[in-house]
Amino acid sequence: MTHQQAASTVNGDTRTRPVLLIADPDENVAGDLADALEREGVAVTNAPDGAQGLLQAGALQPDVVLVAATLPVIGAVDFVRAVRLARAVPVLLGVGEGNADQAVQALAAGAAACVARPYRVPELLPFIHAASPEQRDVLAAGSVELDVRAYQVRVDGRVVHLPLREFELLLYLMRNADRTVTREQIMRHVWHAGAGTSTNTIAVHVKRLRARLGDEDDQLIQTVRGVGYRLVTPVSTT
């Protein structure tokens, strides 16, 4: 898909589906990803450098921005900083081997997360769907507040930084608040893995997530023995 074709698709969109802006100098990489995401119902436009990316970000008001760590003209870190200063939109950084320094700087500049480049559609879709116009922007459970579009979590008003997988796990649990979800469901929706995959990794991530949220007595994220987990919304006493 060419940049012009993608832009036309977005400009004609009624915003009932999520809009992704890709800022990547590799036309083949960006085009292949755009084609794959269009088949998933995502409206996509491409920008080959940071300068055009910023123009498109202002014109299109995308729901999610994906930027390559190797972005030319305006570098990825400055690009992330500029986009985040303008809007509270989640910005993902596509990284490969040798991009560790850019990843650290981009996260400090406001990037929501780093994703693998070459890009993997299953890794990107949770971010994109979470930012869909049809989704709620903010989810809350007791003192925990999750801002879907900003990819930010707060506990008692304090920002808590979560790794990508823990954020996706918390988002899935909060979207299914007060319902028991099985380990198999979590594997399918968060890890995008099929049956037969070891579920021990879920327990490890739940333990880490509880620690970051201050859920020391497991009252927020409860274990349903032999089944899975349930995120419990505290009952207000006021």
# chains A, B, ... in the order shown; residues from 1 in each chain; ligands from 1
$ residues_around --residues "A:Ala103" --least-positions-apart "4" --cutoff "10 Å" --atoms "only C-alpha atoms" --output "ChimeraX atom specification"
/A:69,76-77,93-96,98-99,107-109,111,113-115
$ select_by_dssp --residues "stretch 6-205 of chain A" --states "strand (DSSP E or B)" --output "count of residues only"
42
$ closest_atom_pairs --of "stretch 99-194 of chain A" --to "stretch 205-225 of chain A" --cutoff "9 Å" --atoms "only C-alpha atoms" --output "Markdown table"
| residue | atom | partner | partner_atom | distance |
| --- | --- | --- | --- | --- |
| A:Ala141 | CA | A:Leu220 | CA | 8.1 |
| A:Gly142 | CA | A:Leu220 | CA | 8.3 |
| A:Val144 | CA | A:Leu213 | CA | 7.5 |
| A:Arg154 | CA | A:Leu213 | CA | 8.7 |
| A:Val155 | CA | A:Leu213 | CA | 6.6 |
| A:Val160 | CA | A:Arg212 | CA | 7.2 |
| A:His161 | CA | A:Arg212 | CA | 8.3 |
| A:Leu162 | CA | A:Arg212 | CA | 7.7 |
| A:Arg165 | CA | A:His205 | CA | 8.0 |
| A:Glu166 | CA | A:Leu209 | CA | 6.2 |
| A:Phe167 | CA | A:Leu209 | CA | 8.5 |
| A:Leu169 | CA | A:Val206 | CA | 8.0 |
| A:Leu170 | CA | A:Leu209 | CA | 7.8 |
| A:Leu173 | CA | A:Ile221 | CA | 8.4 |
| A:Thr180 | CA | A:Val224 | CA | 7.3 |
| A:Val181 | CA | A:Val224 | CA | 8.9 |
| A:Thr182 | CA | A:Val224 | CA | 8.7 |
$ atom_distance --atom1 "atom CA of A:Val73" --atom2 "atom CA of A:Gln152"
28.8 Å
$ select_by_dssp --residues "stretch 10-165 of chain A" --states "alpha helix (DSSP H)" --output "NGL selection string"
:A and (10-11 or 27-39 or 50-60 or 76-86 or 100-109 or 121-130 or 164-165)
$ atom_distance --atom1 "atom CA of A:Leu54" --atom2 "atom CA of A:Val83"
7.1 Å
$ closest_residue --among "A:Val104, A:Ala88, A:Arg175, A:Gln185" --to "A:Tyr151" --atoms "only C-alpha atoms"
A:Ala88
$ closest_residue --among "A:Pro122, A:Thr201, A:Leu21, A:Ile128" --to "A:Leu60" --atoms "only C-alpha atoms"
A:Leu21
$ closest_residue --among "A:Gly110, A:Pro126, A:Pro25, A:Gly50" --to "A:Val148" --atoms "only C-alpha atoms"
A:Pro126
$ closest_atom_pairs --of "stretch 111-133 of chain A" --to "stretch 34-42 of chain A" --cutoff "9 Å" --atoms "only C-alpha atoms" --output "CSV"
residue,atom,partner,partner_atom,distance
A:Val121,CA,A:Leu37,CA,7.1
A:Leu125,CA,A:Leu37,CA,8.3
A:Ile128,CA,A:Val42,CA,8.0
A:His129,CA,A:Val42,CA,8.8
$ write_last_selection --atoms "N, CA, C and O atoms" --output "PDB file, in the first residue's frame"
ATOM      1  N   VAL A 121       2.075  -8.353  13.633  1.00  0.00           N
ATOM      2  CA  VAL A 121       0.690  -7.898  13.763  1.00  0.00           C
ATOM      3  C   VAL A 121       0.073  -8.292  15.107  1.00  0.00           C
ATOM      4  O   VAL A 121      -0.570  -7.465  15.756  1.00  0.00           O
ATOM      5  N   LEU A 125      -1.779  -5.425  17.537  1.00  0.00           N
ATOM      6  CA  LEU A 125      -3.238  -5.328  17.586  1.00  0.00           C
ATOM      7  C   LEU A 125      -3.802  -4.961  18.956  1.00  0.00           C
ATOM      8  O   LEU A 125      -4.762  -4.180  19.029  1.00  0.00           O
ATOM      9  N   ILE A 128      -3.674  -1.259  19.251  1.00  0.00           N
ATOM     10  CA  ILE A 128      -4.548  -0.589  18.299  1.00  0.00           C
ATOM     11  C   ILE A 128      -6.007  -0.739  18.702  1.00  0.00           C
ATOM     12  O   ILE A 128      -6.779   0.231  18.687  1.00  0.00           O
ATOM     13  N   HIS A 129      -6.403  -1.942  19.079  1.00  0.00           N
ATOM     14  CA  HIS A 129      -7.790  -2.163  19.476  1.00  0.00           C
ATOM     15  C   HIS A 129      -8.127  -1.409  20.759  1.00  0.00           C
ATOM     16  O   HIS A 129      -9.246  -0.914  20.931  1.00  0.00           O
TER      17      HIS A 129
END
$ atom_distance --atom1 "atom CA of A:Arg120" --atom2 "atom CA of A:Leu71"
18.6 Å
$ residues_around --residues "A:Ala86" --least-positions-apart "6" --cutoff "12 Å" --atoms "only C-alpha atoms" --output "ChimeraX atom specification"
/A:54-55,57-58,61,79-80,110
$ closest_residue --among "A:Val44, A:Ala193, A:Ala112, A:Ala177" --to "A:Arg149" --atoms "only C-alpha atoms"
A:Ala112
$ residues_around --residues "A:Ala131" --least-positions-apart "4" --cutoff "9 Å" --atoms "only C-alpha atoms" --output "list in words"
Pro18, Val19, Asp63, Val64, Val89, Pro90, Pro126, Phe127, Gln135, Arg136, Asp137, Val148, Arg149 and Ala150 of chain A
$ write_last_selection --atoms "N, CA and C atoms" --output "PDB file, in the first residue's frame"
ATOM      1  N   PRO A  18     -10.057   2.130  14.287  1.00  0.00           N
ATOM      2  CA  PRO A  18      -8.849   2.814  14.729  1.00  0.00           C
ATOM      3  C   PRO A  18      -7.965   3.251  13.568  1.00  0.00           C
ATOM      4  N   VAL A  19      -7.255   4.353  13.776  1.00  0.00           N
ATOM      5  CA  VAL A  19      -6.363   4.913  12.767  1.00  0.00           C
ATOM      6  C   VAL A  19      -4.931   4.835  13.287  1.00  0.00           C
ATOM      7  N   ASP A  63      -5.083   7.422  16.226  1.00  0.00           N
ATOM      8  CA  ASP A  63      -5.329   6.827  17.537  1.00  0.00           C
ATOM      9  C   ASP A  63      -4.060   6.226  18.125  1.00  0.00           C
ATOM     10  N   VAL A  64      -3.156   5.760  17.251  1.00  0.00           N
ATOM     11  CA  VAL A  64      -1.883   5.178  17.663  1.00  0.00           C
ATOM     12  C   VAL A  64      -0.830   5.591  16.642  1.00  0.00           C
ATOM     13  N   VAL A  89      -1.450  10.689  22.803  1.00  0.00           N
ATOM     14  CA  VAL A  89      -1.663   9.533  21.931  1.00  0.00           C
ATOM     15  C   VAL A  89      -0.561   8.519  22.197  1.00  0.00           C
ATOM     16  N   PRO A  90      -0.878   7.237  22.279  1.00  0.00           N
ATOM     17  CA  PRO A  90       0.179   6.242  22.486  1.00  0.00           C
ATOM     18  C   PRO A  90       1.116   6.156  21.283  1.00  0.00           C
ATOM     19  N   PRO A 126      -3.274  -5.489  20.081  1.00  0.00           N
ATOM     20  CA  PRO A 126      -3.833  -5.083  21.376  1.00  0.00           C
ATOM     21  C   PRO A 126      -3.751  -3.580  21.610  1.00  0.00           C
ATOM     22  N   PHE A 127      -2.630  -2.962  21.214  1.00  0.00           N
ATOM     23  CA  PHE A 127      -2.502  -1.513  21.349  1.00  0.00           C
ATOM     24  C   PHE A 127      -3.531  -0.799  20.484  1.00  0.00           C
ATOM     25  N   GLN A 135     -13.815   2.065  22.129  1.00  0.00           N
ATOM     26  CA  GLN A 135     -13.420   1.605  23.447  1.00  0.00           C
ATOM     27  C   GLN A 135     -13.445   2.754  24.450  1.00  0.00           C
ATOM     28  N   ARG A 136     -13.688   2.421  25.701  1.00  0.00           N
ATOM     29  CA  ARG A 136     -13.612   3.401  26.762  1.00  0.00           C
ATOM     30  C   ARG A 136     -12.173   3.859  26.923  1.00  0.00           C
ATOM     31  N   ASP A 137     -11.992   5.148  27.245  1.00  0.00           N
ATOM     32  CA  ASP A 137     -10.654   5.692  27.378  1.00  0.00           C
ATOM     33  C   ASP A 137     -10.009   5.346  28.712  1.00  0.00           C
ATOM     34  N   VAL A 148      -6.369   4.013  28.631  1.00  0.00           N
ATOM     35  CA  VAL A 148      -6.124   3.167  27.471  1.00  0.00           C
ATOM     36  C   VAL A 148      -5.355   3.914  26.393  1.00  0.00           C
ATOM     37  N   ARG A 149      -5.784   5.113  26.064  1.00  0.00           N
ATOM     38  CA  ARG A 149      -5.167   5.845  24.967  1.00  0.00           C
ATOM     39  C   ARG A 149      -3.751   6.316  25.295  1.00  0.00           C
ATOM     40  N   ALA A 150      -3.529   6.706  26.531  1.00  0.00           N
ATOM     41  CA  ALA A 150      -2.199   7.184  26.927  1.00  0.00           C
ATOM     42  C   ALA A 150      -1.281   6.047  27.338  1.00  0.00           C
TER      43      ALA A 150
END
